[in-house]
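The data block below is protein_17.json; it holds JSON, C-alpha atoms and all ligand atoms.
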[["chain", "number", "residue", "atom", "x", "y", "z"],
["A", 734, "MET", "CA", 108.86, 105.95, 227.39],
["A", 735, "GLU", "CA", 110.82, 103.09, 225.86],
["A", 736, "LYS", "CA", 114.60, 103.01, 225.63],
["A", 737, "THR", "CA", 116.74, 100.96, 223.27],
["A", 738, "LEU", "CA", 120.41, 100.26, 222.62],
["A", 739, "VAL", "CA", 122.25, 101.12, 219.42],
["A", 740, "LEU", "CA", 125.90, 100.24, 218.92],
["A", 741, "LEU", "CA", 127.68, 102.08, 216.12],
["A", 742, "LYS", "CA", 130.00, 99.32, 214.95],
["A", 743, "PRO", "CA", 133.72, 99.67, 214.13],
["A", 744, "CYS", "CA", 132.92, 99.81, 210.38],
["A", 745, "THR", "CA", 130.85, 102.93, 211.04],
["A", 746, "LEU", "CA", 133.64, 104.69, 212.91],
["A", 747, "GLN", "CA", 136.26, 103.61, 210.34],
["A", 748, "ARG", "CA", 134.10, 104.95, 207.53],
["A", 749, "GLY", "CA", 133.44, 108.26, 209.26],
["A", 750, "LEU", "CA", 129.69, 107.68, 209.37],
["A", 751, "ALA", "CA", 129.01, 107.96, 213.11],
["A", 752, "GLY", "CA", 127.63, 111.51, 213.01],
["A", 753, "GLU", "CA", 125.47, 110.79, 209.99],
["A", 754, "ILE", "CA", 123.88, 107.73, 211.61],
["A", 755, "ILE", "CA", 123.23, 109.49, 214.93],
["A", 756, "ASN", "CA", 121.73, 112.37, 212.96],
["A", 757, "ARG", "CA", 119.18, 110.04, 211.36],
["A", 758, "PHE", "CA", 117.93, 108.89, 214.76],
["A", 759, "GLU", "CA", 117.79, 112.47, 216.08],
["A", 760, "LYS", "CA", 115.95, 113.70, 213.01],
["A", 761, "ARG", "CA", 113.39, 110.92, 213.42],
["A", 762, "GLY", "CA", 112.58, 112.32, 216.85],
["A", 763, "LEU", "CA", 114.35, 109.81, 219.07],
["A", 764, "ARG", "CA", 115.93, 111.32, 222.17],
["A", 765, "LEU", "CA", 119.58, 110.62, 222.86],
["A", 766, "ALA", "CA", 119.53, 109.54, 226.51],
["A", 767, "GLY", "CA", 123.09, 108.20, 226.70],
["A", 768, "MET", "CA", 126.16, 107.95, 224.50],
["A", 769, "LYS", "CA", 129.72, 106.74, 224.99],
["A", 770, "MET", "CA", 132.71, 105.42, 223.09],
["A", 771, "MET", "CA", 134.00, 102.15, 224.43],
["A", 772, "GLN", "CA", 136.41, 99.35, 223.56],
["A", 773, "LEU", "CA", 134.50, 96.05, 223.64],
["A", 774, "THR", "CA", 136.07, 92.93, 225.13],
["A", 775, "ASP", "CA", 135.74, 89.21, 224.52],
["A", 776, "ASP", "CA", 133.78, 88.89, 227.78],
["A", 777, "ILE", "CA", 131.12, 91.46, 226.93],
["A", 778, "LEU", "CA", 130.78, 90.11, 223.38],
["A", 779, "ASN", "CA", 130.40, 86.51, 224.59],
["A", 780, "GLU", "CA", 127.47, 87.76, 226.64],
["A", 781, "HIS", "CA", 126.04, 90.11, 224.03],
["A", 782, "TYR", "CA", 126.20, 87.60, 221.17],
["A", 783, "ALA", "CA", 125.54, 84.46, 223.27],
["A", 784, "HIS", "CA", 122.69, 83.50, 220.90],
["A", 785, "LEU", "CA", 125.27, 83.21, 218.08],
["A", 786, "LYS", "CA", 128.01, 81.29, 219.92],
["A", 787, "ASP", "CA", 127.64, 78.15, 217.78],
["A", 788, "LYS", "CA", 127.65, 79.99, 214.46],
["A", 789, "PRO", "CA", 130.71, 79.63, 212.21],
["A", 790, "PHE", "CA", 131.08, 83.42, 212.03],
["A", 791, "PHE", "CA", 131.10, 83.96, 215.82],
["A", 792, "GLY", "CA", 134.89, 84.42, 216.13],
["A", 793, "MET", "CA", 135.07, 86.75, 213.14],
["A", 794, "LEU", "CA", 132.12, 88.75, 214.43],
["A", 795, "LYS", "CA", 133.78, 89.26, 217.82],
["A", 796, "ASP", "CA", 137.11, 90.20, 216.20],
["A", 797, "SER", "CA", 135.40, 92.76, 214.00],
["A", 798, "MET", "CA", 133.52, 94.23, 216.99],
["A", 799, "MET", "CA", 136.84, 94.63, 218.87],
["A", 800, "SER", "CA", 138.82, 96.08, 215.95],
["A", 801, "THR", "CA", 138.19, 99.68, 217.05],
["A", 802, "PRO", "CA", 136.07, 101.21, 219.82],
["A", 803, "VAL", "CA", 132.31, 101.38, 219.22],
["A", 804, "ILE", "CA", 129.85, 104.11, 220.17],
["A", 805, "ALA", "CA", 127.01, 102.92, 222.39],
["A", 806, "CYS", "CA", 123.82, 104.99, 222.28],
["A", 807, "CYS", "CA", 120.69, 104.83, 224.37],
["A", 808, "LEU", "CA", 117.73, 106.18, 222.37],
["A", 809, "GLU", "CA", 114.31, 106.92, 223.79],
["A", 810, "GLY", "CA", 110.86, 107.29, 222.24],
["A", 811, "ILE", "CA", 107.44, 105.71, 222.13],
["A", 812, "GLU", "CA", 107.97, 102.18, 220.77],
["A", 813, "ALA", "CA", 111.63, 103.05, 220.28],
["A", 814, "VAL", "CA", 112.80, 99.43, 220.06],
["A", 815, "GLN", "CA", 110.68, 98.58, 217.04],
["A", 816, "THR", "CA", 111.19, 101.96, 215.37],
["A", 817, "VAL", "CA", 114.97, 101.80, 215.65],
["A", 818, "ARG", "CA", 115.01, 98.20, 214.47],
["A", 819, "MET", "CA", 112.95, 99.13, 211.42],
["A", 820, "MET", "CA", 115.29, 102.05, 210.71],
["A", 821, "ALA", "CA", 118.28, 99.65, 210.81],
["A", 822, "GLY", "CA", 116.76, 97.28, 208.24],
["A", 823, "ALA", "CA", 117.59, 93.65, 207.45],
["A", 824, "THR", "CA", 120.78, 92.21, 209.00],
["A", 825, "ASN", "CA", 122.44, 91.67, 205.63],
["A", 826, "GLY", "CA", 122.94, 95.09, 204.04],
["A", 827, "ARG", "CA", 122.56, 93.57, 200.60],
["A", 828, "ASN", "CA", 118.99, 92.55, 201.49],
["A", 829, "ALA", "CA", 118.11, 95.72, 203.38],
["A", 830, "GLN", "CA", 115.56, 98.07, 201.85],
["A", 831, "PRO", "CA", 116.84, 101.39, 200.52],
["A", 832, "GLY", "CA", 115.85, 104.05, 203.04],
["A", 833, "THR", "CA", 116.95, 101.91, 205.97],
["A", 834, "ILE", "CA", 120.36, 102.55, 207.53],
["A", 835, "ARG", "CA", 121.84, 99.27, 206.35],
["A", 836, "GLY", "CA", 120.09, 99.63, 202.99],
["A", 837, "ASP", "CA", 121.64, 103.06, 202.50],
["A", 838, "TYR", "CA", 125.11, 102.58, 203.97],
["A", 839, "CYS", "CA", 126.35, 99.00, 203.63],
["A", 840, "MET", "CA", 126.83, 95.96, 201.45],
["A", 841, "SER", "CA", 127.65, 93.41, 204.15],
["A", 842, "ASN", "CA", 126.08, 90.88, 206.49],
["A", 843, "GLN", "CA", 128.64, 91.61, 209.23],
["A", 844, "GLN", "CA", 130.00, 95.09, 208.54],
["A", 845, "ASN", "CA", 126.45, 96.33, 208.88],
["A", 846, "ILE", "CA", 126.78, 99.70, 210.63],
["A", 847, "VAL", "CA", 124.65, 99.22, 213.75],
["A", 848, "HIS", "CA", 123.50, 96.80, 216.39],
["A", 849, "THR", "CA", 119.96, 97.46, 217.60],
["A", 850, "SER", "CA", 118.05, 95.70, 220.42],
["A", 851, "ASP", "CA", 115.44, 93.29, 219.09],
["A", 852, "SER", "CA", 112.80, 93.44, 221.87],
["A", 853, "PRO", "CA", 111.93, 95.64, 224.84],
["A", 854, "GLU", "CA", 113.07, 92.85, 227.20],
["A", 855, "ASN", "CA", 116.46, 92.56, 225.49],
["A", 856, "ALA", "CA", 116.80, 96.35, 225.30],
["A", 857, "GLU", "CA", 116.61, 96.51, 229.10],
["A", 858, "ILE", "CA", 119.20, 93.76, 229.50],
["A", 859, "GLU", "CA", 121.50, 95.26, 226.85],
["A", 860, "LEU", "CA", 121.31, 98.81, 228.22],
["A", 861, "LYS", "CA", 122.39, 97.46, 231.63],
["A", 862, "ARG", "CA", 125.25, 95.63, 229.90],
["A", 863, "PHE", "CA", 126.64, 98.77, 228.24],
["A", 864, "PHE", "CA", 125.64, 101.64, 230.54],
["A", 865, "LYS", "CA", 125.85, 102.36, 234.26],
["A", 866, "PRO", "CA", 122.61, 103.87, 235.63],
["A", 867, "GLU", "CA", 124.28, 107.29, 235.98],
["A", 868, "GLU", "CA", 125.24, 107.26, 232.28],
["A", 869, "ILE", "CA", 121.57, 107.37, 231.21],
["A", 870, "PHE", "CA", 120.06, 110.84, 231.38],
["A", 871, "ASP", "CA", 116.36, 111.55, 231.77],
["A", 872, "PHE", "CA", 115.34, 114.99, 230.57],
["A", 873, "THR", "CA", 112.28, 116.20, 228.70],
["A", 874, "PRO", "CA", 112.85, 117.34, 225.11],
["A", 875, "SER", "CA", 111.64, 120.92, 224.74],
["A", 876, "ASN", "CA", 109.82, 119.97, 221.52],
["A", 877, "LEU", "CA", 107.96, 116.98, 223.02],
["A", 878, "ALA", "CA", 104.52, 118.44, 222.27],
["A", 879, "TYR", "CA", 105.55, 118.59, 218.60],
["A", 880, "LEU", "CA", 107.03, 115.10, 218.48],
["A", 881, "TYR", "CA", 103.85, 113.39, 219.70],
["A", 882, "ALA", "CA", 100.16, 114.16, 220.06],
["A", 883, "LEU", "CA", 98.96, 114.60, 223.63],
["A", 884, "ASP", "CA", 96.96, 111.36, 223.55],
["A", 885, "GLU", "CA", 100.11, 109.44, 222.62],
["A", 886, "LEU", "CA", 102.04, 110.66, 225.64],
["B", 1, "LIG", "P1", 121.69, 88.96, 214.51],
["B", 1, "LIG", "O1", 121.44, 89.13, 215.98],
["B", 1, "LIG", "O2", 121.14, 87.73, 213.82],
["B", 1, "LIG", "O3", 121.21, 90.22, 213.64],
["B", 1, "LIG", "P2", 120.94, 91.76, 213.98],
["B", 1, "LIG", "O4", 122.26, 92.46, 214.15],
["B", 1, "LIG", "O5", 120.21, 92.26, 212.74],
["B", 1, "LIG", "O6", 120.09, 91.80, 215.20],
["B", 1, "LIG", "O7", 123.27, 88.91, 214.27],
["B", 1, "LIG", "C1", 124.13, 89.72, 215.00],
["B", 1, "LIG", "C2", 125.29, 90.11, 214.13],
["B", 1, "LIG", "O8", 125.99, 88.95, 213.71],
["B", 1, "LIG", "C3", 124.91, 90.82, 212.84],
["B", 1, "LIG", "O9", 124.63, 92.18, 213.02],
["B", 1, "LIG", "C4", 126.13, 90.59, 212.02],
["B", 1, "LIG", "C5", 126.60, 89.20, 212.46],
["B", 1, "LIG", "N1", 126.22, 88.15, 211.47],
["B", 1, "LIG", "C6", 127.19, 87.70, 210.60],
["B", 1, "LIG", "O10", 128.35, 88.13, 210.65],
["B", 1, "LIG", "N2", 126.85, 86.73, 209.69],
["B", 1, "LIG", "C7", 125.60, 86.23, 209.61],
["B", 1, "LIG", "O11", 125.32, 85.34, 208.75],
["B", 1, "LIG", "C8", 124.59, 86.73, 210.51],
["B", 1, "LIG", "C9", 123.17, 86.21, 210.46],
["B", 1, "LIG", "C10", 124.96, 87.69, 211.44]]
Translate the structure described by the file into structure tokens.
Ligand code: TYD
Amino acid sequence: MEKTLVLLKPCTLQRGLAGEIINRFEKRGLRLAGMKMMQLTDDILNEHYAHLKDKPFFGMLKDSMMSTPVIACCLEGIEAVQTVRMMAGATNGRNAQPGTIRGDYCMSNQQNIVHTSDSPENAEIELKRFFKPEEIFDFTPSNLAYLYALDEL
């Protein structure tokens, strides 16, 4: 099954929304396979946001991501990357559809609640960046037969 990375950003922790956001993923049927609070550093953010290094907001983005610890989550499910990304909604909360996480919880392009991996390839790279192998747990949810039909598994 596919795994993806979610980072609950500092704005989410500051606003006391961490539990509510994790709850949405759990209720959808995604399995929490790893979770930890961590203080991000300039080094890890230079790597993680390398595709944005020439953008004018790069410095501000890194500062905001280091302003408090974040919570890194590894979520698992069939096509988890795309599902989680759709649940997050458009990058800018003001453009995000109601019903999405950003569309329900934020008004900002940067203080936008979550980071989510954008492809299965990047999810693998990002999970290795934030988790050691022993921090990812593989167990079978007891309700698996009710989360998916047999021919989907
Ligand atoms: P990006 O990878 O484009 O979006 P997403 O988080 O939806 O995958 O951008 C990464 C983060 O950079 C984004 O979550 C918030 C920040 N950002 C800004 O601060 N200003 C901007 O104009 C954009 C496009 C992104």
If you count only C-alpha atoms and all ligand atoms, which residues end up within 6 Å of ligand LIG 1 (chain B), as a JSON list (two decimals) with C-alpha atoms, keeping the file's coordinate frame?
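Below is the file out.json, written as the result:
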[["chain", "number", "residue", "atom", "x", "y", "z"],
["A", 790, "PHE", "CA", 131.08, 83.42, 212.03],
["A", 794, "LEU", "CA", 132.12, 88.75, 214.43],
["A", 824, "THR", "CA", 120.78, 92.21, 209.00],
["A", 842, "ASN", "CA", 126.08, 90.88, 206.49],
["A", 843, "GLN", "CA", 128.64, 91.61, 209.23],
["A", 848, "HIS", "CA", 123.50, 96.80, 216.39]]
Quiz item: Can you list, as a PyMOL selection string, every protein, DNA or RNA residue that comes within 10 Å of Met820 (chain A) when you count only C-alpha atoms, leaving out same-chain residues fewer than 2 positions away?
Solution: chain A and resi 757-758+761+815-818+822-823+830+832-836+849
Give me a file of those residues, with C-alpha atoms, as a compact mmCIF listing (two decimals), in the frame of the given file.
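To be explicit, this is the file written out as out_10.txt:
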# COMPACT_ATOMS: atom_id res chain seq x y z
CA ARG A 757 119.18 110.04 211.36
CA PHE A 758 117.93 108.89 214.76
CA ARG A 761 113.39 110.92 213.42
CA GLN A 815 110.68 98.58 217.04
CA THR A 816 111.19 101.96 215.37
CA VAL A 817 114.97 101.80 215.65
CA ARG A 818 115.01 98.20 214.47
CA GLY A 822 116.76 97.28 208.24
CA ALA A 823 117.59 93.65 207.45
CA GLN A 830 115.56 98.07 201.85
CA GLY A 832 115.85 104.05 203.04
CA THR A 833 116.95 101.91 205.97
CA ILE A 834 120.36 102.55 207.53
CA ARG A 835 121.84 99.27 206.35
CA GLY A 836 120.09 99.63 202.99
CA THR A 849 119.96 97.46 217.60
Self-check item: From A:Cys839, A:Leu860, A:Ala821, A:Val814, residue lying nearest Ile755 (chain A) [only C-alpha atoms]
Solution: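 So, comparing all the options, the nearest one is A:Ala821.
Residues with any atom within 8 Å of Thr774 (chain A), counting all atoms listed in the file and excluding same-chain neighbours fewer than 3 positions away, are Ile777, Leu778 and Met799 of chain A.
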Exercise. Would you please work out which residue, of A:Lys788, A:Leu741, A:Asn825, A:Ile869, is nearest to Asp837 (chain A) when using only C-alpha atoms?
Key: A:Asn825
Practice problem: Give me, please, the distance in Å between CA of Ser850 (chain A) and CA of Thr745 (chain A), quoted to one decimal. | Solution: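 Spanning CA of Ser850 (chain A) to CA of Thr745 (chain A) is a straight-line distance of 17.4 Å.
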Exercise. Have a look at A:Met819, A:Ala856, A:Leu880, A:Ala783 and name the one nearest to Lys736 (chain A); count only C-alpha atoms.
Key: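 The answer is A:Ala856, which sits nearest to Lys736 (chain A).
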Quiz item: With all atoms listed in the file as the basis for distance, which of A:Ser875, A:Asn845, A:Met771, A:Met840 is at the shortest distance from Thr801 (chain A)?
Solution: A:Met771
As AutoDock Vina command-line options, please report the centre and edge lengths, rounded to one decimal in Å, of the axis-aligned box that holds all listed atoms of region 851-865 of chain A with 3 Å of padding on each of the six sides.
--center_x 119.3 --center_y 97.5 --center_z 226.7 --size_x 20.7 --size_y 15.8 --size_z 21.2
Selection: 10 Å around Ile858 (chain A), all atoms listed in the file, excl. self and same-chain fewer than 5 positions, as a PDB file with C-alpha atoms, keeping the file's coordinate frame:
ATOM      1  CA  THR A 737     116.740 100.960 223.270  1.00  0.00           C
ATOM      2  CA  LEU A 738     120.410 100.260 222.620  1.00  0.00           C
ATOM      3  CA  HIS A 781     126.040  90.110 224.030  1.00  0.00           C
ATOM      4  CA  SER A 850     118.050  95.700 220.420  1.00  0.00           C
ATOM      5  CA  SER A 852     112.800  93.440 221.870  1.00  0.00           C
ATOM      6  CA  PRO A 853     111.930  95.640 224.840  1.00  0.00           C
ATOM      7  CA  PHE A 863     126.640  98.770 228.240  1.00  0.00           C
TER       8      PHE A 863
END
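Proximity ranking of A:Gln772, A:Asn779, A:Ser800, A:Asn855 relative to Glu735 (chain A) places A:Asn855 first, based on only C-alpha atoms.
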Exercise. For region 805-807 of chain A, please output as a list in words all residues within 6 Å (counting only C-alpha atoms; exclusion window: fewer than 3 positions along the same chain).
Key: Thr737, Leu738, Val739, Leu740, Ala766, Gly767, Met768 and Lys769 of chain A
